Amino acid sequence: MRVWRKGGVLRAMRGDRHGLAGLAGLAIVLAFGCAQIPARAQQAAGAAATTPEAEVWRFDQIGTLGGHPVTVLGHPRVIESPYGKAVEFNGVDDALLVGAHPLAGVSAFTWEVIFRPDADGATAQRFFHLQEQDPQTGKDTSNRMLFEMRIVDGQWCLDSFAMTAGERLTLLNCKLRHPLGQWYRVTAVYDGKELRNYVDGELQGAGDLKLGPQLAGHSSIGVRIDKRDYFKGAILMARMTRRALPVEQFLKMPPLATNPPSK
């Protein structure tokens, strides 16, 4: 097919008696080639072409996130943190649902969240979920990305998961644990070959993965999308970048607020 395409273009450029045939052949080849592109790839490419390279969601209110309307479950509340306003979740029934999947259509990504995991939450918690939906039925598929955490011996460890078309990877290393009740930067990076996750820029785990682009969908914050494994703590902001960033370009903690909350 590549030879036909090349030949058709060259004959057309030469302008010889085969030029029209070359153009016709080229049109047939291009049409045939486009027909062979899987529907998933075409839809994902369309989503990527109309989306900015990065979305930043600031949790300083609960009406919208990144310009997207929010459905509120329970009573998450806006609080003052040392870094400005954040949204706090009770770990029982608080969550925010957003009708957008900000990493749909990507072949590489960096997903970052600044959050505070609190004590007395469940052992396993899902605090951010990006979920693909079937474009024909609107139902959730098995393709998803998750930020999770586990509490072990009074500390927490990061759990990250990604899956597309049966290719999946879980990154969970509870040998690396962190105190609860403090603010952290968590990051998941996929470069097209390997998925890695970090806490405050320190690598927690890595593994090979062939992850295809996901279709459009929706997101949940504070709970898994099917409303289980609620998160107890607070979230300050998230950034979803449609390429793999080096560690030195990860989100930094914002400057301290002018009037930090009293203790």
# chains A, B, ... in the order shown; residues from 1 in each chain; ligands from 1
>>> closest_atom_pairs(of="stretch 52-147 of chain A", to="stretch 178-196 of chain A", cutoff="8 Å", atoms="only C-alpha atoms", output="CSV")
residue,atom,partner,partner_atom,distance
A:Ser107,CA,A:Gly192,CA,6.0
A:Ala108,CA,A:Asp191,CA,4.8
A:Phe109,CA,A:Tyr190,CA,5.3
A:Thr110,CA,A:Val189,CA,4.5
A:Trp111,CA,A:Ala188,CA,5.2
A:Glu112,CA,A:Thr187,CA,4.4
A:Val113,CA,A:Val186,CA,5.4
A:Ile114,CA,A:Arg185,CA,4.5
A:Phe115,CA,A:Trp183,CA,5.6
A:Arg116,CA,A:Trp183,CA,4.5
A:Pro117,CA,A:Leu180,CA,5.7
A:Asp118,CA,A:Gly181,CA,4.6
A:Ala119,CA,A:Leu180,CA,5.8
>>> residues_around(residues="A:Ala86", least_positions_apart="4", cutoff="8 Å", atoms="only C-alpha atoms", output="PDB file with N, CA and C atoms, in the first residue's frame")
ATOM      1  N   ARG A  58      -8.783  23.407  39.629  1.00  0.00           N
ATOM      2  CA  ARG A  58      -8.534  23.962  40.955  1.00  0.00           C
ATOM      3  C   ARG A  58      -9.773  23.732  41.830  1.00  0.00           C
ATOM      4  N   PHE A  59      -9.549  23.122  42.960  1.00  0.00           N
ATOM      5  CA  PHE A  59     -10.656  22.745  43.842  1.00  0.00           C
ATOM      6  C   PHE A  59     -10.926  23.866  44.845  1.00  0.00           C
ATOM      7  N   ASP A  60     -11.305  25.041  44.307  1.00  0.00           N
ATOM      8  CA  ASP A  60     -11.603  26.188  45.162  1.00  0.00           C
ATOM      9  C   ASP A  60     -13.097  26.457  45.253  1.00  0.00           C
ATOM     10  N   GLN A  61     -13.897  25.589  44.631  1.00  0.00           N
ATOM     11  CA  GLN A  61     -15.350  25.639  44.702  1.00  0.00           C
ATOM     12  C   GLN A  61     -15.861  24.307  44.180  1.00  0.00           C
ATOM     13  N   VAL A  78     -15.767  23.307  50.826  1.00  0.00           N
ATOM     14  CA  VAL A  78     -14.585  24.112  50.529  1.00  0.00           C
ATOM     15  C   VAL A  78     -13.960  24.544  51.852  1.00  0.00           C
ATOM     16  N   ILE A  79     -12.653  24.320  51.970  1.00  0.00           N
ATOM     17  CA  ILE A  79     -11.935  24.681  53.190  1.00  0.00           C
ATOM     18  C   ILE A  79     -10.764  25.590  52.835  1.00  0.00           C
ATOM     19  N   GLU A  80     -10.209  26.219  53.848  1.00  0.00           N
ATOM     20  CA  GLU A  80      -8.972  26.973  53.689  1.00  0.00           C
ATOM     21  C   GLU A  80      -7.808  26.068  54.078  1.00  0.00           C
ATOM     22  N   SER A  81      -6.848  25.933  53.156  1.00  0.00           N
ATOM     23  CA  SER A  81      -5.640  25.149  53.429  1.00  0.00           C
ATOM     24  C   SER A  81      -4.446  26.092  53.489  1.00  0.00           C
ATOM     25  N   ALA A 234      -8.574  15.844  51.518  1.00  0.00           N
ATOM     26  CA  ALA A 234      -8.848  17.058  50.754  1.00  0.00           C
ATOM     27  C   ALA A 234      -8.017  17.072  49.481  1.00  0.00           C
ATOM     28  N   ILE A 235      -8.525  17.772  48.462  1.00  0.00           N
ATOM     29  CA  ILE A 235      -7.823  17.914  47.187  1.00  0.00           C
ATOM     30  C   ILE A 235      -7.728  19.395  46.860  1.00  0.00           C
ATOM     31  N   LEU A 236      -6.533  19.827  46.503  1.00  0.00           N
ATOM     32  CA  LEU A 236      -6.257  21.234  46.200  1.00  0.00           C
ATOM     33  C   LEU A 236      -6.352  21.509  44.706  1.00  0.00           C
ATOM     34  N   MET A 237      -5.704  20.681  43.899  1.00  0.00           N
ATOM     35  CA  MET A 237      -5.706  20.897  42.458  1.00  0.00           C
ATOM     36  C   MET A 237      -5.255  19.642  41.733  1.00  0.00           C
TER      37      MET A 237
END
>>> select_by_dssp(residues="stretch 7-254 of chain A", states="helix (DSSP H, G or I)", output="ChimeraX atom specification")
/A:7-14,19-36,39-49,247-249
>>> write_last_selection(atoms="N, CA and C atoms", output="short mmCIF file (atom, residue, chain, number, x, y, z; two decimals), in the first residue's frame")
data_model
loop_
_atom_site.label_atom_id
_atom_site.label_comp_id
_atom_site.auth_asym_id
_atom_site.auth_seq_id
_atom_site.Cartn_x
_atom_site.Cartn_y
_atom_site.Cartn_z
N GLY A 7 3.82 5.90 -5.51
CA GLY A 7 3.81 5.94 -6.96
C GLY A 7 2.75 6.88 -7.48
N GLY A 8 1.58 6.85 -6.90
CA GLY A 8 0.50 7.72 -7.34
C GLY A 8 0.89 9.18 -7.23
N VAL A 9 1.51 9.57 -6.12
CA VAL A 9 1.91 10.95 -5.93
C VAL A 9 2.96 11.36 -6.93
N LEU A 10 3.96 10.52 -7.18
CA LEU A 10 5.04 10.86 -8.10
C LEU A 10 4.51 11.02 -9.52
N ARG A 11 3.63 10.16 -9.97
CA ARG A 11 3.09 10.28 -11.31
C ARG A 11 2.29 11.56 -11.45
N ALA A 12 1.53 11.91 -10.44
CA ALA A 12 0.75 13.13 -10.51
C ALA A 12 1.67 14.35 -10.57
N MET A 13 2.75 14.33 -9.82
CA MET A 13 3.67 15.47 -9.81
C MET A 13 4.37 15.61 -11.14
N ARG A 14 4.67 14.48 -11.82
CA ARG A 14 5.36 14.57 -13.10
C ARG A 14 4.46 15.13 -14.18
N GLY A 19 -0.81 10.72 -14.94
CA GLY A 19 -1.07 11.57 -13.78
C GLY A 19 -2.46 11.40 -13.21
N LEU A 20 -3.48 11.42 -14.11
CA LEU A 20 -4.85 11.28 -13.63
C LEU A 20 -5.07 9.93 -12.99
N ALA A 21 -4.49 8.90 -13.60
CA ALA A 21 -4.62 7.57 -13.01
C ALA A 21 -3.95 7.53 -11.64
N GLY A 22 -2.81 8.25 -11.56
CA GLY A 22 -2.11 8.28 -10.28
C GLY A 22 -2.94 8.93 -9.21
N LEU A 23 -3.59 10.06 -9.56
CA LEU A 23 -4.44 10.72 -8.58
C LEU A 23 -5.62 9.85 -8.17
N ALA A 24 -6.20 9.18 -9.14
CA ALA A 24 -7.32 8.29 -8.82
C ALA A 24 -6.86 7.16 -7.92
N GLY A 25 -5.68 6.62 -8.25
CA GLY A 25 -5.16 5.54 -7.42
C GLY A 25 -4.86 6.00 -6.01
N LEU A 26 -4.31 7.22 -5.94
CA LEU A 26 -4.00 7.76 -4.62
C LEU A 26 -5.28 7.93 -3.80
N ALA A 27 -6.34 8.43 -4.44
CA ALA A 27 -7.59 8.62 -3.72
C ALA A 27 -8.14 7.30 -3.21
N ILE A 28 -8.05 6.25 -4.04
CA ILE A 28 -8.54 4.94 -3.62
C ILE A 28 -7.74 4.42 -2.45
N VAL A 29 -6.39 4.57 -2.55
CA VAL A 29 -5.53 4.08 -1.48
C VAL A 29 -5.80 4.80 -0.17
N LEU A 30 -5.93 6.15 -0.25
CA LEU A 30 -6.17 6.90 0.97
C LEU A 30 -7.52 6.54 1.58
N ALA A 31 -8.53 6.37 0.72
CA ALA A 31 -9.84 5.99 1.24
C ALA A 31 -9.79 4.63 1.89
N PHE A 32 -9.08 3.69 1.24
CA PHE A 32 -8.97 2.35 1.79
C PHE A 32 -8.22 2.38 3.12
N GLY A 33 -7.13 3.17 3.16
CA GLY A 33 -6.33 3.26 4.37
C GLY A 33 -7.13 3.82 5.53
N CYS A 34 -7.91 4.89 5.25
CA CYS A 34 -8.72 5.48 6.32
C CYS A 34 -9.76 4.50 6.83
N ALA A 35 -10.30 3.69 5.91
CA ALA A 35 -11.31 2.73 6.33
C ALA A 35 -10.75 1.68 7.26
N GLN A 36 -9.43 1.47 7.17
CA GLN A 36 -8.83 0.44 8.00
C GLN A 36 -8.44 0.93 9.38
N ALA A 39 -11.98 2.31 14.62
CA ALA A 39 -12.86 3.39 15.06
C ALA A 39 -12.34 4.05 16.32
N ARG A 40 -11.77 3.26 17.25
CA ARG A 40 -11.22 3.81 18.49
C ARG A 40 -10.15 4.85 18.19
N ALA A 41 -9.23 4.53 17.26
CA ALA A 41 -8.14 5.46 16.96
C ALA A 41 -8.67 6.73 16.33
N GLN A 42 -9.66 6.61 15.42
CA GLN A 42 -10.22 7.80 14.79
C GLN A 42 -10.89 8.70 15.82
N GLN A 43 -11.69 8.10 16.70
CA GLN A 43 -12.39 8.89 17.70
C GLN A 43 -11.42 9.52 18.69
N ALA A 44 -10.40 8.76 19.10
CA ALA A 44 -9.41 9.29 20.03
C ALA A 44 -8.64 10.44 19.41
N ALA A 45 -8.28 10.29 18.12
CA ALA A 45 -7.55 11.36 17.43
C ALA A 45 -8.39 12.62 17.36
N GLY A 46 -9.70 12.47 17.11
CA GLY A 46 -10.58 13.63 17.07
C GLY A 46 -10.64 14.35 18.40
N ALA A 47 -10.70 13.58 19.48
CA ALA A 47 -10.73 14.18 20.81
C ALA A 47 -9.43 14.93 21.09
N ALA A 48 -8.29 14.33 20.72
CA ALA A 48 -6.99 14.96 20.99
C ALA A 48 -6.83 16.26 20.22
N ALA A 49 -7.40 16.32 19.00
CA ALA A 49 -7.21 17.49 18.16
C ALA A 49 -7.94 18.72 18.67
N VAL A 247 10.55 14.84 35.40
CA VAL A 247 10.30 15.12 36.82
C VAL A 247 10.46 16.60 37.13
N GLU A 248 11.43 17.25 36.51
CA GLU A 248 11.67 18.66 36.84
C GLU A 248 10.53 19.57 36.39
N GLN A 249 9.62 19.08 35.55
CA GLN A 249 8.47 19.88 35.12
C GLN A 249 7.18 19.51 35.85
#
>>> atom_distance(atom1="atom CA of A:Thr141", atom2="atom CA of A:Gly66")
23.8 Å
>>> closest_residue(among="A:Gln131, A:Thr123, A:Thr64, A:Gln204", to="A:Ile225", atoms="only C-alpha atoms")
A:Gln131
>>> select_by_dssp(residues="stretch 23-220 of chain A", states="strand (DSSP E)", output="ChimeraX atom specification")
/A:54-58,64-65,68-73,77-81,84-90,95-98,109-117,124-133,140-152,155-164,167-172,178-179,184-190,194-199,202-208,217-220
>>> atom_distance(atom1="atom CA of A:Tyr83", atom2="atom CA of A:Ala257")
4.9 Å
>>> atom_distance(atom1="atom CA of A:Gly222", atom2="atom CA of A:Leu209")
26.3 Å
